[in-house]
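First comes the structure, then the notes that go with it.
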Amino acid sequence: MRKKNRRTSFENVVVIDAGAKGKSVGKAPDGRIIFLSNAVPGDVVDVMTTKKRKAYFEGVATHFHRLSEKRTSPVCDHFGVCGGCKWQHMGYEHQLHYKQKEVENNLKRIGGLELPQIRPILGSKNQYFYRNKMEFSFSDSRWLTSNEIVSDHEIKDRNALGFHIPGMWDKILDIKKCHLQKDPSNAIRLEIKSFATENGLSFFNPRKQEGLLRTLMIRTSSTGEIMVLIQFFQDDAKKRELLLEHIQQQFPEVTSLLYVINPKQNDTIYDQEVICFSGRDHIFERMEDLKFKITAKSFYQTNSEQAHQLYQVTRDFAGLGGNELVYDLYTGTGTIAQFVAKHAKKVIGVESVPEAIADARTNAQYNNINNVEFFVGDMKSVFNNTFIATHGYPDVVITDPPRDGMHKNVVDQLLQVAPNKIVYVSCNSATQARDLALMKEKYEVAEVQPVDMFPQTHHVENVVLLTRRV
């Protein structure tokens with residue numbers, strides 16, 4: 001019979017660091033680490049543990065004896081309940097410090113790498129309202145705050161249009177104002193919720209699998225264009241057109257008004273037909289002299305300004321002179337491939353998602369880029385000796401894998417091909433360090449540049465230049 005996990009309390013715990021996944025770090029009297037969800041390095045707190053593991057505790061600060069000088073006042077009323085922006089209570093300069101520290105620690109501890117002087121992290125000019133894509137969920141039984149639960153007032157409006165409570169797939173927090181996407185994002189979301197409620201359009205219930213309105217996606221671009229997509233669970237043409245016509249009338253600046261009918265259990269749209277109600281079925285994003293067509297299913301970096309910095313670093317690290325064959329692995333919609341193309345002889349992009357490759361080819365045509373080719377396939381299978389023999393041995397490889405990093409087969413193939421340079425772009429420096437450790441006998445780390453794409457969160461991108469050892 002298992003023993004119940006008893007809670008333990010500790011007093012006067014000094015918070016000493018910021019750790020992975022946005023948690024802060026304190027030490028228990030016995031030396032074990034305590035990961036805290038609501039503290040900032042420099043706080044002195046009493047702690048109630050929520051989980052006990054062999055080497056560490058998880059817990060929450062229940063009383064603050066001293067507040068850290070690194071603290072700042074969160075700007076968002078939803079801070080602490082909403083799952084996003086977990087570092088809003090920490091000054092931005094301190095956020096950057098801990099992000100840079102995490103990159104360095106991962107590369108040294110996980111990768112066991114010898115590092116050059118790491119370049120100072122590139123912070124974001126905009127610390128709020130920087131995202132170009134937001135997704136919200138409808139719910140007919142919104143998450144109630146602690147104050148609402150203890151209140152004597154009858155709660156009549158249970159509709160929500162907002163974000164999932166962390167770890168709760170069926171609980172949605174209604175959002176009044178989100179500080180992540182610039183106007184008119186908040187105005188569009190609030191107007192849709194108000195109109196739908198007033199006109200009896202039912203909000204989705206994921207447990208019962210019923211209701212009309214399921215999700216809302218808003219995309220904006222640096223060119224000023226706006227995409228709005230409503231996902232409906234039911235196919236009710238009268239109610240659907242009522243809402244979409246209202247959006248069209250209230251927000252004539254919307255470039256692309258789309259909808260999806262999705263009766264599946266999950267709300268992913270990638271296997272669904274996207275229907276254009278008004279405008280065009282895409283918007284455009286611009287970077288330097290390049291123009292990118294963005295559809296509802298397109299991947300594009302969600303911080304446009306920082307994406308430009310990220311790609312500039314990548315291009316600079318590649319150090320192209322005009323005669324190189326470049327492979328761009330995990331090319332996505334081919335943004336990096338096209339960004340470096342005019343500095344290379346030819347660029348080969350490989351990606352597993354067919355729709356992404358279709359976007360890449362379309363955008364290359366828009367931009368009149370003729371020295372790029374894109375191929376669809378599972379990277380660990382398509383990036384093989386036959387592929388290399390057919391398309392040539394690369395002088396430079398750029399790789400930008402998902403959070404899980406590169407498959408070992410891909411790493412092995414890179415070592416076999418042995419290009420002069422590898423530029424490794426990563427959204428997870430832990431898996432990046434793991435992959436780099438597999439290559440350190442043949443490659444040395446020449447440059448490291450962290451880039452902050454997501455202010456107010458613990459996430460950080462990192463670019464590493466590898467050069468082949470002689």
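Chain labels A, B, ... are given in the sequence in which chains occur in the structure tokens; within each chain residues are numbered consecutively from 1, and ligands are likewise numbered from 1 in the order shown.
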Mind checking which residues fall within 10 Å of segment 32-45 of chain A, counting only C-alpha atoms, ignoring those fewer than 2 positions away in the same chain, and posting them as a PDB file with N, CA and C atoms, in the first residue's frame?
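Final file, result.pdb:
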```pdb
ATOM      1  N   PHE A  10       8.687  24.491   5.127  1.00  0.00           N
ATOM      2  CA  PHE A  10      10.006  25.001   5.482  1.00  0.00           C
ATOM      3  C   PHE A  10       9.901  26.506   5.692  1.00  0.00           C
ATOM      4  N   GLU A  11      10.673  27.029   6.625  1.00  0.00           N
ATOM      5  CA  GLU A  11      10.648  28.457   6.914  1.00  0.00           C
ATOM      6  C   GLU A  11      11.950  29.114   6.477  1.00  0.00           C
ATOM      7  N   ASN A  12      11.830  30.402   6.125  1.00  0.00           N
ATOM      8  CA  ASN A  12      12.994  31.241   5.800  1.00  0.00           C
ATOM      9  C   ASN A  12      13.906  30.608   4.736  1.00  0.00           C
ATOM     10  N   VAL A  13      13.289  30.136   3.674  1.00  0.00           N
ATOM     11  CA  VAL A  13      14.036  29.587   2.553  1.00  0.00           C
ATOM     12  C   VAL A  13      14.507  30.732   1.653  1.00  0.00           C
ATOM     13  N   VAL A  14      15.791  30.759   1.373  1.00  0.00           N
ATOM     14  CA  VAL A  14      16.336  31.774   0.475  1.00  0.00           C
ATOM     15  C   VAL A  14      16.263  31.251  -0.958  1.00  0.00           C
ATOM     16  N   VAL A  15      15.614  32.015  -1.830  1.00  0.00           N
ATOM     17  CA  VAL A  15      15.503  31.632  -3.236  1.00  0.00           C
ATOM     18  C   VAL A  15      16.781  32.077  -3.934  1.00  0.00           C
ATOM     19  N   ILE A  16      17.506  31.114  -4.517  1.00  0.00           N
ATOM     20  CA  ILE A  16      18.873  31.375  -4.975  1.00  0.00           C
ATOM     21  C   ILE A  16      19.030  31.423  -6.490  1.00  0.00           C
ATOM     22  N   ASP A  17      18.042  30.944  -7.225  1.00  0.00           N
ATOM     23  CA  ASP A  17      18.266  30.837  -8.669  1.00  0.00           C
ATOM     24  C   ASP A  17      16.927  30.699  -9.376  1.00  0.00           C
ATOM     25  N   ALA A  18      16.962  30.793 -10.696  1.00  0.00           N
ATOM     26  CA  ALA A  18      15.807  30.482 -11.533  1.00  0.00           C
ATOM     27  C   ALA A  18      16.137  29.237 -12.330  1.00  0.00           C
ATOM     28  N   GLY A  19      15.228  28.273 -12.339  1.00  0.00           N
ATOM     29  CA  GLY A  19      15.507  26.987 -12.965  1.00  0.00           C
ATOM     30  C   GLY A  19      14.707  26.758 -14.224  1.00  0.00           C
ATOM     31  N   ALA A  20      14.648  25.510 -14.625  1.00  0.00           N
ATOM     32  CA  ALA A  20      13.950  25.119 -15.846  1.00  0.00           C
ATOM     33  C   ALA A  20      12.440  25.301 -15.699  1.00  0.00           C
ATOM     34  N   LYS A  21      11.785  25.477 -16.830  1.00  0.00           N
ATOM     35  CA  LYS A  21      10.325  25.586 -16.911  1.00  0.00           C
ATOM     36  C   LYS A  21       9.768  26.743 -16.091  1.00  0.00           C
ATOM     37  N   GLY A  22      10.580  27.777 -15.887  1.00  0.00           N
ATOM     38  CA  GLY A  22      10.096  28.972 -15.216  1.00  0.00           C
ATOM     39  C   GLY A  22      10.052  28.886 -13.710  1.00  0.00           C
ATOM     40  N   LYS A  23      10.509  27.783 -13.136  1.00  0.00           N
ATOM     41  CA  LYS A  23      10.503  27.631 -11.684  1.00  0.00           C
ATOM     42  C   LYS A  23      11.712  28.341 -11.080  1.00  0.00           C
ATOM     43  N   SER A  24      11.544  28.840  -9.837  1.00  0.00           N
ATOM     44  CA  SER A  24      12.686  29.363  -9.097  1.00  0.00           C
ATOM     45  C   SER A  24      13.201  28.263  -8.173  1.00  0.00           C
ATOM     46  N   VAL A  25      14.407  28.483  -7.630  1.00  0.00           N
ATOM     47  CA  VAL A  25      15.095  27.424  -6.899  1.00  0.00           C
ATOM     48  C   VAL A  25      15.469  27.905  -5.500  1.00  0.00           C
ATOM     49  N   GLY A  26      15.054  27.121  -4.500  1.00  0.00           N
ATOM     50  CA  GLY A  26      15.483  27.345  -3.125  1.00  0.00           C
ATOM     51  C   GLY A  26      16.105  26.074  -2.588  1.00  0.00           C
ATOM     52  N   LYS A  27      16.661  26.160  -1.371  1.00  0.00           N
ATOM     53  CA  LYS A  27      17.268  24.979  -0.759  1.00  0.00           C
ATOM     54  C   LYS A  27      16.621  24.696   0.580  1.00  0.00           C
ATOM     55  N   ALA A  28      16.230  23.415   0.776  1.00  0.00           N
ATOM     56  CA  ALA A  28      15.697  22.964   2.054  1.00  0.00           C
ATOM     57  C   ALA A  28      16.835  22.850   3.064  1.00  0.00           C
ATOM     58  N   PRO A  29      16.527  22.812   4.373  1.00  0.00           N
ATOM     59  CA  PRO A  29      17.581  22.674   5.393  1.00  0.00           C
ATOM     60  C   PRO A  29      18.461  21.453   5.190  1.00  0.00           C
ATOM     61  N   ASP A  30      17.920  20.375   4.598  1.00  0.00           N
ATOM     62  CA  ASP A  30      18.746  19.177   4.380  1.00  0.00           C
ATOM     63  C   ASP A  30      19.545  19.244   3.079  1.00  0.00           C
ATOM     64  N   VAL A  47       7.758  27.942   2.771  1.00  0.00           N
ATOM     65  CA  VAL A  47       7.361  27.078   1.660  1.00  0.00           C
ATOM     66  C   VAL A  47       6.483  25.938   2.156  1.00  0.00           C
ATOM     67  N   MET A  48       5.431  25.645   1.377  1.00  0.00           N
ATOM     68  CA  MET A  48       4.660  24.422   1.561  1.00  0.00           C
ATOM     69  C   MET A  48       4.914  23.547   0.343  1.00  0.00           C
ATOM     70  N   THR A  49       5.431  22.354   0.552  1.00  0.00           N
ATOM     71  CA  THR A  49       5.738  21.479  -0.579  1.00  0.00           C
ATOM     72  C   THR A  49       4.458  20.867  -1.143  1.00  0.00           C
ATOM     73  N   THR A  50       4.481  20.609  -2.432  1.00  0.00           N
ATOM     74  CA  THR A  50       3.353  19.965  -3.108  1.00  0.00           C
ATOM     75  C   THR A  50       3.730  18.590  -3.630  1.00  0.00           C
ATOM     76  N   LYS A  51       5.027  18.380  -3.882  1.00  0.00           N
ATOM     77  CA  LYS A  51       5.518  17.072  -4.325  1.00  0.00           C
ATOM     78  C   LYS A  51       6.866  16.813  -3.677  1.00  0.00           C
ATOM     79  N   LYS A  52       7.133  15.546  -3.409  1.00  0.00           N
ATOM     80  CA  LYS A  52       8.418  15.149  -2.843  1.00  0.00           C
ATOM     81  C   LYS A  52       9.040  14.091  -3.733  1.00  0.00           C
ATOM     82  N   ARG A  53      10.259  14.356  -4.173  1.00  0.00           N
ATOM     83  CA  ARG A  53      11.005  13.412  -4.976  1.00  0.00           C
ATOM     84  C   ARG A  53      12.293  13.043  -4.244  1.00  0.00           C
ATOM     85  N   LYS A  54      13.035  12.094  -4.793  1.00  0.00           N
ATOM     86  CA  LYS A  54      14.243  11.630  -4.116  1.00  0.00           C
ATOM     87  C   LYS A  54      15.258  12.757  -3.950  1.00  0.00           C
ATOM     88  N   ALA A  55      15.403  13.572  -4.984  1.00  0.00           N
ATOM     89  CA  ALA A  55      16.456  14.593  -4.960  1.00  0.00           C
ATOM     90  C   ALA A  55      15.942  16.013  -4.799  1.00  0.00           C
ATOM     91  N   TYR A  56      14.622  16.198  -4.838  1.00  0.00           N
ATOM     92  CA  TYR A  56      14.115  17.567  -4.763  1.00  0.00           C
ATOM     93  C   TYR A  56      12.659  17.584  -4.309  1.00  0.00           C
ATOM     94  N   PHE A  57      12.203  18.784  -3.963  1.00  0.00           N
ATOM     95  CA  PHE A  57      10.796  19.039  -3.666  1.00  0.00           C
ATOM     96  C   PHE A  57      10.241  19.993  -4.718  1.00  0.00           C
ATOM     97  N   GLU A  58       8.921  19.978  -4.851  1.00  0.00           N
ATOM     98  CA  GLU A  58       8.220  21.061  -5.537  1.00  0.00           C
ATOM     99  C   GLU A  58       7.306  21.713  -4.524  1.00  0.00           C
ATOM    100  N   GLY A  59       7.126  23.009  -4.622  1.00  0.00           N
ATOM    101  CA  GLY A  59       6.309  23.685  -3.633  1.00  0.00           C
ATOM    102  C   GLY A  59       5.915  25.084  -4.049  1.00  0.00           C
ATOM    103  N   VAL A  60       5.228  25.769  -3.119  1.00  0.00           N
ATOM    104  CA  VAL A  60       4.814  27.152  -3.335  1.00  0.00           C
ATOM    105  C   VAL A  60       5.226  27.972  -2.117  1.00  0.00           C
ATOM    106  N   ALA A  61       5.551  29.222  -2.373  1.00  0.00           N
ATOM    107  CA  ALA A  61       5.839  30.143  -1.282  1.00  0.00           C
ATOM    108  C   ALA A  61       4.523  30.583  -0.661  1.00  0.00           C
ATOM    109  N   THR A  62       4.413  30.400   0.663  1.00  0.00           N
ATOM    110  CA  THR A  62       3.168  30.749   1.363  1.00  0.00           C
ATOM    111  C   THR A  62       3.281  32.059   2.144  1.00  0.00           C
ATOM    112  N   HIS A  63       4.519  32.469   2.430  1.00  0.00           N
ATOM    113  CA  HIS A  63       4.724  33.730   3.138  1.00  0.00           C
ATOM    114  C   HIS A  63       6.067  34.305   2.697  1.00  0.00           C
ATOM    115  N   PHE A  64       6.085  35.611   2.482  1.00  0.00           N
ATOM    116  CA  PHE A  64       7.294  36.281   2.014  1.00  0.00           C
ATOM    117  C   PHE A  64       7.866  37.132   3.139  1.00  0.00           C
ATOM    118  N   HIS A  65       9.037  36.742   3.635  1.00  0.00           N
ATOM    119  CA  HIS A  65       9.722  37.516   4.669  1.00  0.00           C
ATOM    120  C   HIS A  65      10.446  38.702   4.053  1.00  0.00           C
ATOM    121  N   ARG A  66      10.993  38.498   2.854  1.00  0.00           N
ATOM    122  CA  ARG A  66      11.696  39.579   2.168  1.00  0.00           C
ATOM    123  C   ARG A  66      11.476  39.428   0.668  1.00  0.00           C
ATOM    124  N   LEU A  67      11.188  40.541   0.018  1.00  0.00           N
ATOM    125  CA  LEU A  67      10.984  40.519  -1.424  1.00  0.00           C
ATOM    126  C   LEU A  67      12.271  40.882  -2.149  1.00  0.00           C
ATOM    127  N   SER A  68      12.531  40.169  -3.211  1.00  0.00           N
ATOM    128  CA  SER A  68      13.756  40.363  -3.978  1.00  0.00           C
ATOM    129  C   SER A  68      13.768  41.716  -4.678  1.00  0.00           C
ATOM    130  N   GLU A  69      14.971  42.276  -4.821  1.00  0.00           N
ATOM    131  CA  GLU A  69      15.138  43.499  -5.604  1.00  0.00           C
ATOM    132  C   GLU A  69      14.943  43.236  -7.092  1.00  0.00           C
ATOM    133  N   LYS A  70      14.936  41.980  -7.465  1.00  0.00           N
ATOM    134  CA  LYS A  70      14.732  41.621  -8.879  1.00  0.00           C
ATOM    135  C   LYS A  70      13.255  41.644  -9.253  1.00  0.00           C
ATOM    136  N   ARG A  71      12.384  41.813  -8.289  1.00  0.00           N
ATOM    137  CA  ARG A  71      10.943  41.789  -8.543  1.00  0.00           C
ATOM    138  C   ARG A  71      10.472  43.055  -9.258  1.00  0.00           C
ATOM    139  N   THR A  72       9.397  42.887 -10.004  1.00  0.00           N
ATOM    140  CA  THR A  72       8.681  44.015 -10.584  1.00  0.00           C
ATOM    141  C   THR A  72       7.192  43.683 -10.541  1.00  0.00           C
ATOM    142  N   GLY A  80      -0.405  34.727 -12.654  1.00  0.00           N
ATOM    143  CA  GLY A  80      -0.499  33.775 -11.549  1.00  0.00           C
ATOM    144  C   GLY A  80      -1.598  32.747 -11.725  1.00  0.00           C
ATOM    145  N   LYS A  86       5.046  33.590 -17.148  1.00  0.00           N
ATOM    146  CA  LYS A  86       5.318  33.229 -15.756  1.00  0.00           C
ATOM    147  C   LYS A  86       6.404  34.078 -15.103  1.00  0.00           C
ATOM    148  N   TRP A  87       7.147  34.834 -15.909  1.00  0.00           N
ATOM    149  CA  TRP A  87       8.212  35.666 -15.342  1.00  0.00           C
ATOM    150  C   TRP A  87       7.857  37.150 -15.318  1.00  0.00           C
ATOM    151  N   HIS A  89       6.746  38.826 -13.037  1.00  0.00           N
ATOM    152  CA  HIS A  89       7.083  39.449 -11.750  1.00  0.00           C
ATOM    153  C   HIS A  89       8.587  39.665 -11.584  1.00  0.00           C
ATOM    154  N   MET A  90       9.367  39.407 -12.648  1.00  0.00           N
ATOM    155  CA  MET A  90      10.812  39.592 -12.609  1.00  0.00           C
ATOM    156  C   MET A  90      11.224  40.637 -13.638  1.00  0.00           C
ATOM    157  N   GLY A  91      12.067  41.595 -13.242  1.00  0.00           N
ATOM    158  CA  GLY A  91      12.542  42.610 -14.172  1.00  0.00           C
ATOM    159  C   GLY A  91      13.162  42.001 -15.413  1.00  0.00           C
ATOM    160  N   HIS A  94      16.768  40.913 -15.562  1.00  0.00           N
ATOM    161  CA  HIS A  94      17.051  39.698 -14.800  1.00  0.00           C
ATOM    162  C   HIS A  94      16.570  38.458 -15.554  1.00  0.00           C
ATOM    163  N   TYR A  98      19.051  35.167 -16.482  1.00  0.00           N
ATOM    164  CA  TYR A  98      18.819  33.747 -16.188  1.00  0.00           C
ATOM    165  C   TYR A  98      18.669  32.919 -17.457  1.00  0.00           C
TER     166      TYR A  98
END
```
- Item | Pro120 of chain A environment, 12 Å, only C-alpha atoms, sequence neighbours closer than 6 positions dropped, as a ChimeraX atom specification | /A:93,96-101,103-104,447-452,462
Name the residues in contact with Ser185 of chain A at a cut-off of 10 Å, using only C-alpha atoms, excluding same-chain residues fewer than 5 positions from it; report them as a PDB file with C-alpha atoms, in the first residue's frame.
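File produced: around_7.pdb:
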```pdb
ATOM      1  CA  PHE A 129       2.569  42.811 -27.480  1.00  0.00           C
ATOM      2  CA  ASN A 132       1.941  37.647 -34.180  1.00  0.00           C
ATOM      3  CA  LYS A 133      -0.211  34.597 -33.465  1.00  0.00           C
ATOM      4  CA  MET A 134      -2.581  33.815 -30.591  1.00  0.00           C
ATOM      5  CA  LYS A 177      -6.873  41.733 -21.688  1.00  0.00           C
ATOM      6  CA  CYS A 178      -3.861  39.842 -22.990  1.00  0.00           C
ATOM      7  CA  HIS A 179      -0.560  41.728 -23.220  1.00  0.00           C
ATOM      8  CA  LEU A 180       0.997  39.466 -25.828  1.00  0.00           C
ATOM      9  CA  LEU A 190     -13.919  40.617 -26.613  1.00  0.00           C
ATOM     10  CA  MET A 217      -7.045  32.163 -33.867  1.00  0.00           C
ATOM     11  CA  ILE A 218      -5.776  35.673 -34.573  1.00  0.00           C
ATOM     12  CA  ARG A 219      -2.678  36.305 -36.666  1.00  0.00           C
ATOM     13  CA  THR A 220      -1.154  39.726 -37.288  1.00  0.00           C
ATOM     14  CA  ILE A 226      -4.833  40.508 -39.869  1.00  0.00           C
ATOM     15  CA  VAL A 228      -9.092  35.715 -37.951  1.00  0.00           C
TER      16      VAL A 228
END
```
TODO: Point out the residue among A:Leu244, A:Leu438, A:Val260, A:Val464 with the least atom-to-atom distance to Gly111 of chain A, counting only C-alpha atoms.
DONE: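 Once distances to Gly111 of chain A are computed over only C-alpha atoms, the minimum belongs to A:Leu438.
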Give me, as a CSV table (one decimal) with C-alpha atoms, in the first residue's frame, the residues of segment 139-367 of chain A that a backbone DSSP run labels helix (DSSP H, G or I).
```
chain,number,residue,atom,x,y,z
A,146,SER,CA,-10.7,32.1,-5.8
A,147,ASN,CA,-12.6,35.3,-5.1
A,148,GLU,CA,-15.6,34.2,-7.2
A,149,ILE,CA,-15.7,30.8,-5.4
A,150,VAL,CA,-16.0,32.4,-2.0
A,185,SER,CA,-6.5,41.5,-31.0
A,186,ASN,CA,-8.1,42.1,-27.6
A,187,ALA,CA,-10.9,44.1,-29.2
A,188,ILE,CA,-11.7,41.3,-31.7
A,189,ARG,CA,-11.7,38.6,-29.0
A,190,LEU,CA,-13.9,40.6,-26.6
A,191,GLU,CA,-16.4,41.6,-29.4
A,192,ILE,CA,-16.7,38.0,-30.5
A,193,LYS,CA,-17.4,36.8,-27.0
A,194,SER,CA,-19.9,39.5,-26.3
A,195,PHE,CA,-21.8,39.1,-29.6
A,196,ALA,CA,-21.9,35.3,-29.2
A,197,THR,CA,-23.2,35.5,-25.7
A,198,GLU,CA,-25.9,38.1,-26.6
A,237,ALA,CA,-24.8,27.8,-41.3
A,238,LYS,CA,-27.2,30.4,-40.0
A,239,LYS,CA,-25.4,31.0,-36.7
A,240,ARG,CA,-22.0,30.7,-38.4
A,241,GLU,CA,-22.8,33.4,-40.9
A,242,LEU,CA,-24.4,35.6,-38.2
A,243,LEU,CA,-21.1,35.7,-36.3
A,244,LEU,CA,-18.8,36.0,-39.3
A,245,GLU,CA,-20.8,38.8,-40.9
A,246,HIS,CA,-20.7,40.7,-37.6
A,247,ILE,CA,-16.9,40.3,-37.4
A,248,GLN,CA,-16.7,41.5,-41.0
A,249,GLN,CA,-18.8,44.6,-40.3
A,250,GLN,CA,-17.1,45.5,-37.0
A,304,SER,CA,8.5,38.8,-36.0
A,305,GLU,CA,11.1,41.3,-34.9
A,306,GLN,CA,13.2,38.8,-33.0
A,307,ALA,CA,12.9,36.3,-35.8
A,308,HIS,CA,14.7,38.8,-37.9
A,309,GLN,CA,17.5,39.0,-35.3
A,310,LEU,CA,17.6,35.2,-35.1
A,311,TYR,CA,18.0,34.8,-38.8
A,312,GLN,CA,20.6,37.5,-39.0
A,313,VAL,CA,22.7,35.7,-36.5
A,314,THR,CA,22.2,32.4,-38.4
A,315,ARG,CA,23.3,34.1,-41.7
A,316,ASP,CA,26.3,35.7,-40.0
A,317,PHE,CA,27.4,32.5,-38.5
A,318,ALA,CA,27.1,30.7,-41.8
A,335,THR,CA,12.2,31.2,-44.2
A,336,ILE,CA,15.8,30.6,-43.2
A,337,ALA,CA,16.6,29.0,-46.5
A,338,GLN,CA,15.3,32.0,-48.4
A,339,PHE,CA,16.9,34.4,-46.0
A,340,VAL,CA,20.4,33.1,-46.8
A,341,ALA,CA,19.8,32.1,-50.4
A,354,PRO,CA,4.1,18.6,-46.8
A,355,GLU,CA,2.0,21.8,-46.3
A,356,ALA,CA,5.1,23.6,-45.0
A,357,ILE,CA,7.1,22.6,-48.1
A,358,ALA,CA,4.2,23.8,-50.3
A,359,ASP,CA,4.4,27.2,-48.5
A,360,ALA,CA,8.2,27.2,-48.9
A,361,ARG,CA,7.9,26.7,-52.7
A,362,THR,CA,5.2,29.3,-53.0
A,363,ASN,CA,7.2,31.9,-51.1
A,364,ALA,CA,10.3,31.2,-53.1
A,365,GLN,CA,8.2,32.0,-56.3
A,366,TYR,CA,6.9,35.2,-54.7
```
* Using DSSP on the backbone coordinates, identify the residues of segment 18-237 of chain A assigned to strand (DSSP E or B); present them as a PyMOL selection string. => chain A and resi 18+24-27+33-36+44-52+56-66+71+90+122+133-139+160-164+172-174+203+205+210+213-220+226-232
Return the single residue from A:Gly377, A:Gly162, A:Gly322, A:Gly167 that is closest to Leu216 of chain A, with distances computed using only C-alpha atoms.
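Selected residue with least distance to Leu216 of chain A: A:Gly162.
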Q) What lies within 8 Å of segment 381-393 of chain A using only C-alpha atoms, ignoring chain neighbours under 5 positions off, as a ChimeraX atom specification? A) /A:325,410,413,417,419
Same residues, N, CA and C atoms, saved as a PDB file, in the first residue's frame:
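Resulting contents of out.pdb:
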```
ATOM      1  N   LEU A 325      27.213  25.365 -51.219  1.00  0.00           N
ATOM      2  CA  LEU A 325      25.984  24.566 -51.187  1.00  0.00           C
ATOM      3  C   LEU A 325      25.565  24.456 -49.727  1.00  0.00           C
ATOM      4  N   VAL A 410      20.244  11.460 -37.705  1.00  0.00           N
ATOM      5  CA  VAL A 410      20.589  12.721 -38.375  1.00  0.00           C
ATOM      6  C   VAL A 410      21.969  13.184 -37.919  1.00  0.00           C
ATOM      7  N   GLN A 413      24.566  11.100 -39.582  1.00  0.00           N
ATOM      8  CA  GLN A 413      24.734  11.461 -40.990  1.00  0.00           C
ATOM      9  C   GLN A 413      25.532  12.759 -41.119  1.00  0.00           C
ATOM     10  N   VAL A 417      28.887  13.191 -43.248  1.00  0.00           N
ATOM     11  CA  VAL A 417      29.007  14.173 -44.326  1.00  0.00           C
ATOM     12  C   VAL A 417      30.104  15.183 -44.013  1.00  0.00           C
ATOM     13  N   PRO A 419      30.340  18.591 -43.050  1.00  0.00           N
ATOM     14  CA  PRO A 419      30.474  19.908 -43.687  1.00  0.00           C
ATOM     15  C   PRO A 419      31.458  20.783 -42.907  1.00  0.00           C
TER      16      PRO A 419
END
```
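The shell of residues at most 12 Å from Val470 of chain A, with only C-alpha atoms counted and near chain neighbours (fewer than 2 positions) removed, consists of Ala418, Asn420, Glu441, Lys442, Tyr443, Glu444, Thr467 and Arg468 of chain A.
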- Pick out the residues sitting within 10 Å of Ser256 of chain A, and hand them over as a PyMOL selection string; count only C-alpha atoms, and ignore anything fewer than 6 positions along from it in its own chain. chain A and resi 218-219+225-229+248+276-283+295-296
Could you list, as number ranges by chain, every residue within 7 Å of Gly349 of chain A, counting only C-alpha atoms and ignoring same-chain residues fewer than 2 positions away? A: 327-329, 331, 334, 337, 347, 351, 373-375
Atomic separation - atom CA of Arg286 of chain A relative to atom CA of Lys125 of chain A, Å
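Those two atoms sit 17.9 Å apart.
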- Which distance in Å separates atom CA of Asp235 of chain A and atom CA of Phe251 of chain A, to one decimal?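 Interatomic distance, atom CA of Asp235 of chain A to atom CA of Phe251 of chain A: 23.6 Å.
Remark: for Ser124 of chain A, the closest of the candidate residues A:Glu461, A:Glu324, A:Asp157, A:Glu288 is A:Glu461 (distances computed over only C-alpha atoms).
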Two-atom distance - atom CA of Trp169 of chain A, atom CA of Phe203 of chain A (Å):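 Result for atom CA of Trp169 of chain A versus atom CA of Phe203 of chain A: 15.5 Å, one decimal.
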